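Here's work10.txt, which has compact mmCIF, N, CA and C atoms:
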```txt
# COMPACT_ATOMS: atom_id res chain seq x y z
N MET A 1 28.86 -25.64 23.62
CA MET A 1 28.52 -24.26 23.86
C MET A 1 27.24 -24.16 24.69
N GLU A 2 26.30 -25.03 24.40
CA GLU A 2 25.03 -25.02 25.13
C GLU A 2 25.25 -25.36 26.59
N ASN A 3 26.14 -26.30 26.89
CA ASN A 3 26.39 -26.69 28.27
C ASN A 3 27.02 -25.56 29.07
N VAL A 4 27.92 -24.79 28.44
CA VAL A 4 28.56 -23.67 29.12
C VAL A 4 27.51 -22.63 29.48
N PHE A 5 26.63 -22.34 28.54
CA PHE A 5 25.57 -21.37 28.78
C PHE A 5 24.63 -21.84 29.88
N SER A 6 24.26 -23.10 29.84
CA SER A 6 23.37 -23.66 30.87
C SER A 6 24.02 -23.61 32.25
N LYS A 7 25.30 -23.92 32.33
CA LYS A 7 26.00 -23.88 33.61
C LYS A 7 26.06 -22.45 34.15
N ASN A 8 26.29 -21.47 33.25
CA ASN A 8 26.33 -20.08 33.69
C ASN A 8 24.97 -19.63 34.21
N LEU A 9 23.91 -20.07 33.57
CA LEU A 9 22.57 -19.71 34.03
C LEU A 9 22.26 -20.35 35.37
N GLN A 10 22.65 -21.60 35.52
CA GLN A 10 22.36 -22.31 36.77
C GLN A 10 23.12 -21.69 37.94
N GLY A 11 24.28 -21.16 37.68
CA GLY A 11 25.10 -20.57 38.74
C GLY A 11 24.74 -19.13 39.06
N SER A 12 23.81 -18.57 38.35
CA SER A 12 23.45 -17.17 38.56
C SER A 12 22.79 -16.98 39.92
N GLN A 13 23.25 -16.00 40.66
CA GLN A 13 22.69 -15.74 41.99
C GLN A 13 21.26 -15.24 41.90
N PHE A 14 20.90 -14.58 40.80
CA PHE A 14 19.55 -14.03 40.68
C PHE A 14 18.53 -15.13 40.41
N ILE A 15 18.90 -16.12 39.63
CA ILE A 15 17.98 -17.21 39.34
C ILE A 15 17.75 -18.05 40.58
N GLU A 16 18.81 -18.33 41.31
CA GLU A 16 18.69 -19.16 42.52
C GLU A 16 17.87 -18.47 43.61
N SER A 17 18.03 -17.15 43.74
CA SER A 17 17.32 -16.44 44.80
C SER A 17 15.92 -16.02 44.39
N GLY A 18 15.61 -16.09 43.09
CA GLY A 18 14.29 -15.68 42.61
C GLY A 18 14.17 -14.18 42.46
N GLU A 19 15.26 -13.45 42.65
CA GLU A 19 15.26 -11.99 42.53
C GLU A 19 15.59 -11.59 41.10
N GLU A 20 15.15 -10.39 40.74
CA GLU A 20 15.48 -9.83 39.44
C GLU A 20 16.91 -9.31 39.47
N GLY A 21 17.51 -9.22 38.29
CA GLY A 21 18.85 -8.65 38.18
C GLY A 21 18.81 -7.15 38.32
N PRO A 22 19.97 -6.52 38.46
CA PRO A 22 20.01 -5.07 38.66
C PRO A 22 19.49 -4.28 37.46
N VAL A 23 19.71 -4.77 36.26
CA VAL A 23 19.21 -4.08 35.07
C VAL A 23 17.69 -4.11 35.03
N THR A 24 17.12 -5.28 35.30
CA THR A 24 15.66 -5.43 35.30
C THR A 24 15.04 -4.58 36.40
N LYS A 25 15.64 -4.55 37.56
CA LYS A 25 15.12 -3.72 38.65
C LYS A 25 15.13 -2.25 38.25
N GLY A 26 16.20 -1.83 37.60
CA GLY A 26 16.30 -0.43 37.15
C GLY A 26 15.24 -0.08 36.12
N ILE A 27 15.02 -0.98 35.17
CA ILE A 27 13.99 -0.76 34.15
C ILE A 27 12.62 -0.70 34.80
N GLU A 28 12.33 -1.63 35.68
CA GLU A 28 11.03 -1.66 36.35
C GLU A 28 10.83 -0.43 37.21
N LYS A 29 11.88 0.04 37.84
CA LYS A 29 11.77 1.24 38.68
C LYS A 29 11.39 2.45 37.84
N GLN A 30 11.98 2.56 36.65
CA GLN A 30 11.67 3.70 35.79
C GLN A 30 10.30 3.56 35.13
N THR A 31 9.95 2.37 34.65
CA THR A 31 8.66 2.20 33.98
C THR A 31 7.50 2.29 34.95
N ALA A 32 7.73 2.02 36.23
CA ALA A 32 6.66 2.13 37.22
C ALA A 32 6.21 3.57 37.39
N LYS A 33 7.05 4.51 37.02
CA LYS A 33 6.71 5.93 37.14
C LYS A 33 5.77 6.41 36.03
N ILE A 34 5.67 5.65 34.95
CA ILE A 34 4.88 6.06 33.80
C ILE A 34 3.48 5.47 33.90
N PRO A 35 2.43 6.30 33.83
CA PRO A 35 1.07 5.76 33.84
C PRO A 35 0.83 4.89 32.60
N SER A 36 0.08 3.83 32.76
CA SER A 36 -0.14 2.88 31.66
C SER A 36 -0.87 3.51 30.48
N ASP A 37 -1.73 4.48 30.75
CA ASP A 37 -2.50 5.06 29.65
C ASP A 37 -1.66 5.93 28.72
N VAL A 38 -0.45 6.31 29.13
CA VAL A 38 0.44 7.08 28.25
C VAL A 38 0.74 6.27 26.99
N PHE A 39 0.95 4.98 27.14
CA PHE A 39 1.26 4.14 25.99
C PHE A 39 0.05 3.98 25.07
N LEU A 40 -1.14 3.91 25.64
CA LEU A 40 -2.36 3.82 24.84
C LEU A 40 -2.54 5.10 24.03
N TRP A 41 -2.36 6.25 24.67
CA TRP A 41 -2.50 7.52 23.95
C TRP A 41 -1.41 7.67 22.89
N ALA A 42 -0.22 7.20 23.15
CA ALA A 42 0.85 7.26 22.15
C ALA A 42 0.50 6.41 20.93
N ALA A 43 -0.07 5.23 21.16
CA ALA A 43 -0.48 4.37 20.06
C ALA A 43 -1.60 5.02 19.25
N LEU A 44 -2.60 5.57 19.94
CA LEU A 44 -3.69 6.25 19.24
C LEU A 44 -3.17 7.47 18.48
N GLY A 45 -2.24 8.19 19.07
CA GLY A 45 -1.64 9.35 18.40
C GLY A 45 -0.89 8.95 17.15
N SER A 46 -0.16 7.84 17.21
CA SER A 46 0.57 7.40 16.02
C SER A 46 -0.38 6.96 14.92
N MET A 47 -1.51 6.36 15.30
CA MET A 47 -2.51 5.97 14.29
C MET A 47 -3.15 7.21 13.65
N ALA A 48 -3.47 8.20 14.47
CA ALA A 48 -4.06 9.43 13.95
C ALA A 48 -3.08 10.17 13.05
N THR A 49 -1.82 10.23 13.46
CA THR A 49 -0.79 10.88 12.64
C THR A 49 -0.60 10.13 11.34
N SER A 50 -0.64 8.81 11.40
CA SER A 50 -0.51 7.99 10.20
C SER A 50 -1.65 8.27 9.23
N LEU A 51 -2.86 8.35 9.76
CA LEU A 51 -4.02 8.65 8.91
C LEU A 51 -3.88 10.02 8.27
N THR A 52 -3.43 10.99 9.05
CA THR A 52 -3.24 12.34 8.52
C THR A 52 -2.20 12.35 7.40
N LEU A 53 -1.11 11.64 7.61
CA LEU A 53 -0.07 11.57 6.58
C LEU A 53 -0.58 10.86 5.33
N LYS A 54 -1.38 9.83 5.52
CA LYS A 54 -1.95 9.09 4.38
C LYS A 54 -2.86 10.01 3.57
N ILE A 55 -3.71 10.78 4.25
CA ILE A 55 -4.61 11.72 3.55
C ILE A 55 -3.80 12.79 2.82
N ALA A 56 -2.68 13.19 3.41
CA ALA A 56 -1.82 14.21 2.80
C ALA A 56 -0.99 13.65 1.64
N GLY A 57 -1.12 12.36 1.37
CA GLY A 57 -0.41 11.76 0.23
C GLY A 57 1.00 11.31 0.54
N ARG A 58 1.38 11.28 1.79
CA ARG A 58 2.73 10.85 2.18
C ARG A 58 2.67 9.40 2.65
N LYS A 59 2.50 8.51 1.68
CA LYS A 59 2.23 7.09 1.96
C LYS A 59 3.34 6.43 2.80
N HIS A 60 4.58 6.63 2.40
CA HIS A 60 5.69 5.96 3.10
C HIS A 60 5.84 6.48 4.54
N ASP A 61 5.67 7.78 4.72
CA ASP A 61 5.72 8.33 6.08
C ASP A 61 4.57 7.80 6.93
N ALA A 62 3.39 7.67 6.30
CA ALA A 62 2.22 7.15 7.02
C ALA A 62 2.45 5.72 7.46
N LEU A 63 3.04 4.91 6.61
CA LEU A 63 3.33 3.52 6.98
C LEU A 63 4.36 3.46 8.10
N PHE A 64 5.38 4.31 8.01
CA PHE A 64 6.42 4.34 9.04
C PHE A 64 5.84 4.70 10.41
N VAL A 65 5.06 5.77 10.47
CA VAL A 65 4.49 6.23 11.74
C VAL A 65 3.41 5.25 12.23
N GLY A 66 2.66 4.68 11.31
CA GLY A 66 1.60 3.74 11.69
C GLY A 66 2.13 2.48 12.35
N GLN A 67 3.36 2.13 12.04
CA GLN A 67 3.95 0.94 12.64
C GLN A 67 4.40 1.16 14.08
N TRP A 68 4.32 2.39 14.56
CA TRP A 68 4.70 2.67 15.94
C TRP A 68 3.63 2.20 16.92
N ALA A 69 2.39 2.05 16.46
CA ALA A 69 1.29 1.71 17.37
C ALA A 69 1.53 0.40 18.11
N ALA A 70 1.93 -0.63 17.39
CA ALA A 70 2.14 -1.95 18.03
C ALA A 70 3.22 -1.91 19.11
N PRO A 71 4.39 -1.30 18.85
CA PRO A 71 5.38 -1.23 19.93
C PRO A 71 4.90 -0.43 21.14
N PHE A 72 4.16 0.65 20.90
CA PHE A 72 3.62 1.41 22.03
C PHE A 72 2.68 0.55 22.87
N LEU A 73 1.82 -0.22 22.19
CA LEU A 73 0.89 -1.09 22.92
C LEU A 73 1.64 -2.20 23.67
N LEU A 74 2.69 -2.73 23.07
CA LEU A 74 3.50 -3.75 23.76
C LEU A 74 4.21 -3.17 24.98
N LEU A 75 4.72 -1.96 24.84
CA LEU A 75 5.35 -1.31 26.00
C LEU A 75 4.33 -1.06 27.10
N GLY A 76 3.11 -0.70 26.73
CA GLY A 76 2.05 -0.52 27.71
C GLY A 76 1.72 -1.82 28.42
N LEU A 77 1.70 -2.90 27.66
CA LEU A 77 1.43 -4.22 28.25
C LEU A 77 2.55 -4.60 29.22
N TYR A 78 3.80 -4.36 28.82
CA TYR A 78 4.92 -4.64 29.71
C TYR A 78 4.81 -3.81 30.98
N ASN A 79 4.49 -2.53 30.81
CA ASN A 79 4.33 -1.64 31.95
C ASN A 79 3.28 -2.17 32.91
N LYS A 80 2.15 -2.60 32.39
CA LYS A 80 1.06 -3.11 33.23
C LYS A 80 1.48 -4.41 33.93
N LEU A 81 2.15 -5.29 33.20
CA LEU A 81 2.61 -6.55 33.80
C LEU A 81 3.60 -6.31 34.92
N VAL A 82 4.49 -5.35 34.72
CA VAL A 82 5.46 -5.02 35.76
C VAL A 82 4.73 -4.53 37.00
N LYS A 83 3.71 -3.71 36.82
CA LYS A 83 2.98 -3.18 37.97
C LYS A 83 2.15 -4.24 38.68
N VAL A 84 1.63 -5.20 37.92
CA VAL A 84 0.75 -6.21 38.50
C VAL A 84 1.53 -7.40 39.05
N ALA A 85 2.51 -7.88 38.31
CA ALA A 85 3.16 -9.13 38.70
C ALA A 85 4.68 -9.05 38.78
N GLY A 86 5.24 -7.89 38.58
CA GLY A 86 6.69 -7.78 38.56
C GLY A 86 7.27 -7.44 39.92
N HIS A 87 8.39 -6.77 39.88
CA HIS A 87 9.12 -6.37 41.07
C HIS A 87 8.24 -5.52 41.98
N ASP A 88 7.33 -4.72 41.40
CA ASP A 88 6.44 -3.87 42.18
C ASP A 88 5.53 -4.67 43.11
N ARG A 89 5.24 -5.90 42.74
CA ARG A 89 4.35 -6.70 43.59
C ARG A 89 5.02 -6.99 44.94
N LYS A 90 6.34 -7.23 44.91
CA LYS A 90 7.07 -7.47 46.15
C LYS A 90 7.41 -6.16 46.86
N HIS A 91 7.63 -5.11 46.07
CA HIS A 91 8.03 -3.80 46.58
C HIS A 91 7.07 -2.77 46.01
N PRO A 92 5.86 -2.65 46.55
CA PRO A 92 4.81 -1.85 45.93
C PRO A 92 5.09 -0.36 45.84
N HIS A 93 6.02 0.18 46.57
CA HIS A 93 6.22 1.62 46.54
C HIS A 93 7.42 2.03 45.70
N VAL A 94 7.96 1.14 44.89
CA VAL A 94 9.07 1.49 44.00
C VAL A 94 8.52 2.45 42.95
N GLY A 95 9.22 3.56 42.75
CA GLY A 95 8.81 4.51 41.74
C GLY A 95 7.79 5.52 42.22
N GLN A 96 7.38 5.44 43.47
CA GLN A 96 6.41 6.39 44.02
C GLN A 96 7.11 7.29 45.01
N GLU A 97 6.64 8.50 45.07
CA GLU A 97 7.18 9.46 46.03
C GLU A 97 6.73 9.05 47.43
N GLU A 98 7.48 9.45 48.45
CA GLU A 98 7.09 9.15 49.82
C GLU A 98 5.77 9.84 50.14
N GLY A 99 4.89 9.13 50.81
CA GLY A 99 3.62 9.69 51.20
C GLY A 99 2.54 9.57 50.13
N GLN A 100 2.92 9.20 48.92
CA GLN A 100 1.93 9.06 47.85
C GLN A 100 1.29 7.69 47.95
N GLU A 101 -0.03 7.65 47.91
CA GLU A 101 -0.75 6.39 48.03
C GLU A 101 -0.78 5.67 46.70
N ASN A 102 -0.81 4.36 46.75
CA ASN A 102 -0.92 3.54 45.56
C ASN A 102 -2.40 3.38 45.24
N GLU A 103 -2.85 4.06 44.17
CA GLU A 103 -4.27 4.06 43.83
C GLU A 103 -4.77 2.68 43.47
N GLU A 104 -3.93 1.88 42.82
CA GLU A 104 -4.37 0.54 42.43
C GLU A 104 -4.64 -0.33 43.66
N ASN A 105 -3.80 -0.22 44.68
CA ASN A 105 -4.02 -1.00 45.90
C ASN A 105 -5.28 -0.56 46.62
N GLU A 106 -5.55 0.75 46.61
CA GLU A 106 -6.74 1.27 47.27
C GLU A 106 -8.00 0.77 46.56
N SER A 107 -7.98 0.78 45.22
CA SER A 107 -9.18 0.35 44.49
C SER A 107 -9.40 -1.15 44.66
N ALA A 108 -8.34 -1.92 44.82
CA ALA A 108 -8.47 -3.36 45.04
C ALA A 108 -9.03 -3.66 46.43
N MET A 109 -8.68 -2.83 47.39
CA MET A 109 -9.13 -3.06 48.76
C MET A 109 -10.58 -2.63 48.96
N GLY A 110 -10.98 -1.59 48.31
CA GLY A 110 -12.28 -1.06 48.64
C GLY A 110 -13.24 -1.11 47.54
```
What is this file in structure tokens?
Amino acid sequence: MENVFSKNLQGSQFIESGEEGPVTKGIEKQTAKIPSDVFLWAALGSMATSLTLKIAGRKHDALFVGQWAAPFLLLGLYNKLVKVAGHDRKHPHVGQEEGQENEENESAMG
């Protein structure tokens, strides 16, 4: 079973060409539109909501909402990695409107 899987991976056109697959490109295109700080604020919001629920005596709800912080931070990290080293690095204007400048490139240049 392992050999079949390895052969399928080796024959993949995306691995040989170094390009991302269509699903990954689609995900990166959509996540590039979201500012990275949205995920940070979502994590902080979930922590604040969790604290509020804890004070209100809703322990189980507080634990449930408080566990959202880590996934939000991981999504933010993924978002930042995609913008810095992902598909956007080769195609910097993916997810941007025409005529809109890339602020990160401008700050790096000047």
(message) So the first atom is CA of Val38 in chain A and the second is atom N of Phe64 in chain A; what is the distance between them in Å, to one decimal place?
(response)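 Separation between CA of Val38 in chain A and atom N of Phe64 in chain A: 21.0 Å.
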(message) Nearest residue to Leu75 in chain A out of A:Gln30, A:Ser36, A:Ser46, A:Thr24, using only N, CA and C atoms?
(response) A:Ser36
(message) Give me the residues near Thr31 in chain A as an MDAnalysis selection string, where near means some atom within 8 Å (using all atoms listed in the file) and where sequence neighbours in that chain fewer than 5 positions away do not count.
(response) chainID A and resid 25:26 36 78:80 82:83 95
(request) Record the distance separating atom C of Gly21 in chain A and atom N of Trp41 in chain A, expressed in Å with one decimal. (result)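 Spanning atom C of Gly21 in chain A to atom N of Trp41 in chain A is a straight-line distance of 28.5 Å.
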(message) Calculated over only C-alpha atoms, which of the candidates A:Val23, A:Asp37, A:Ala32, A:Ala42 has the smallest distance to Ala70 in chain A?
(response)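 Closest to Ala70 in chain A, using only C-alpha atoms: A:Ala42.
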(message) If I take atom N of Ala43 in chain A and atom C of Leu63 in chain A, how far is one from the other in Å, to one decimal?
(response)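 Separation of atom N of Ala43 in chain A and atom C of Leu63 in chain A: 13.9 Å.
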(request) Taking the DSSP assignment computed from this structure's backbone, write out as a PyMOL selection string all residues of range 18-94 of chain A that belong to alpha helix (DSSP H). (result) chain A and resi 22-31+37-55+59-66+69-85+87-90
(request) Would you list the contacts of Gly76 in chain A as a list in words, taking every protein, DNA or RNA residue within 6.5 Å and counting only N, CA and C atoms, but skipping same-chain residues closer than 4 positions in sequence? (result)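 Result of the neighbour search: Ser36, Phe39, Leu40, Pro71, Phe72, Lys80 and Leu81 of chain A.
Proximity to Leu77 in chain A was assessed for A:Lys54, A:Pro35, A:Ala62, A:Ala48 counting only C-alpha atoms; the smallest distance is recorded for A:Pro35.
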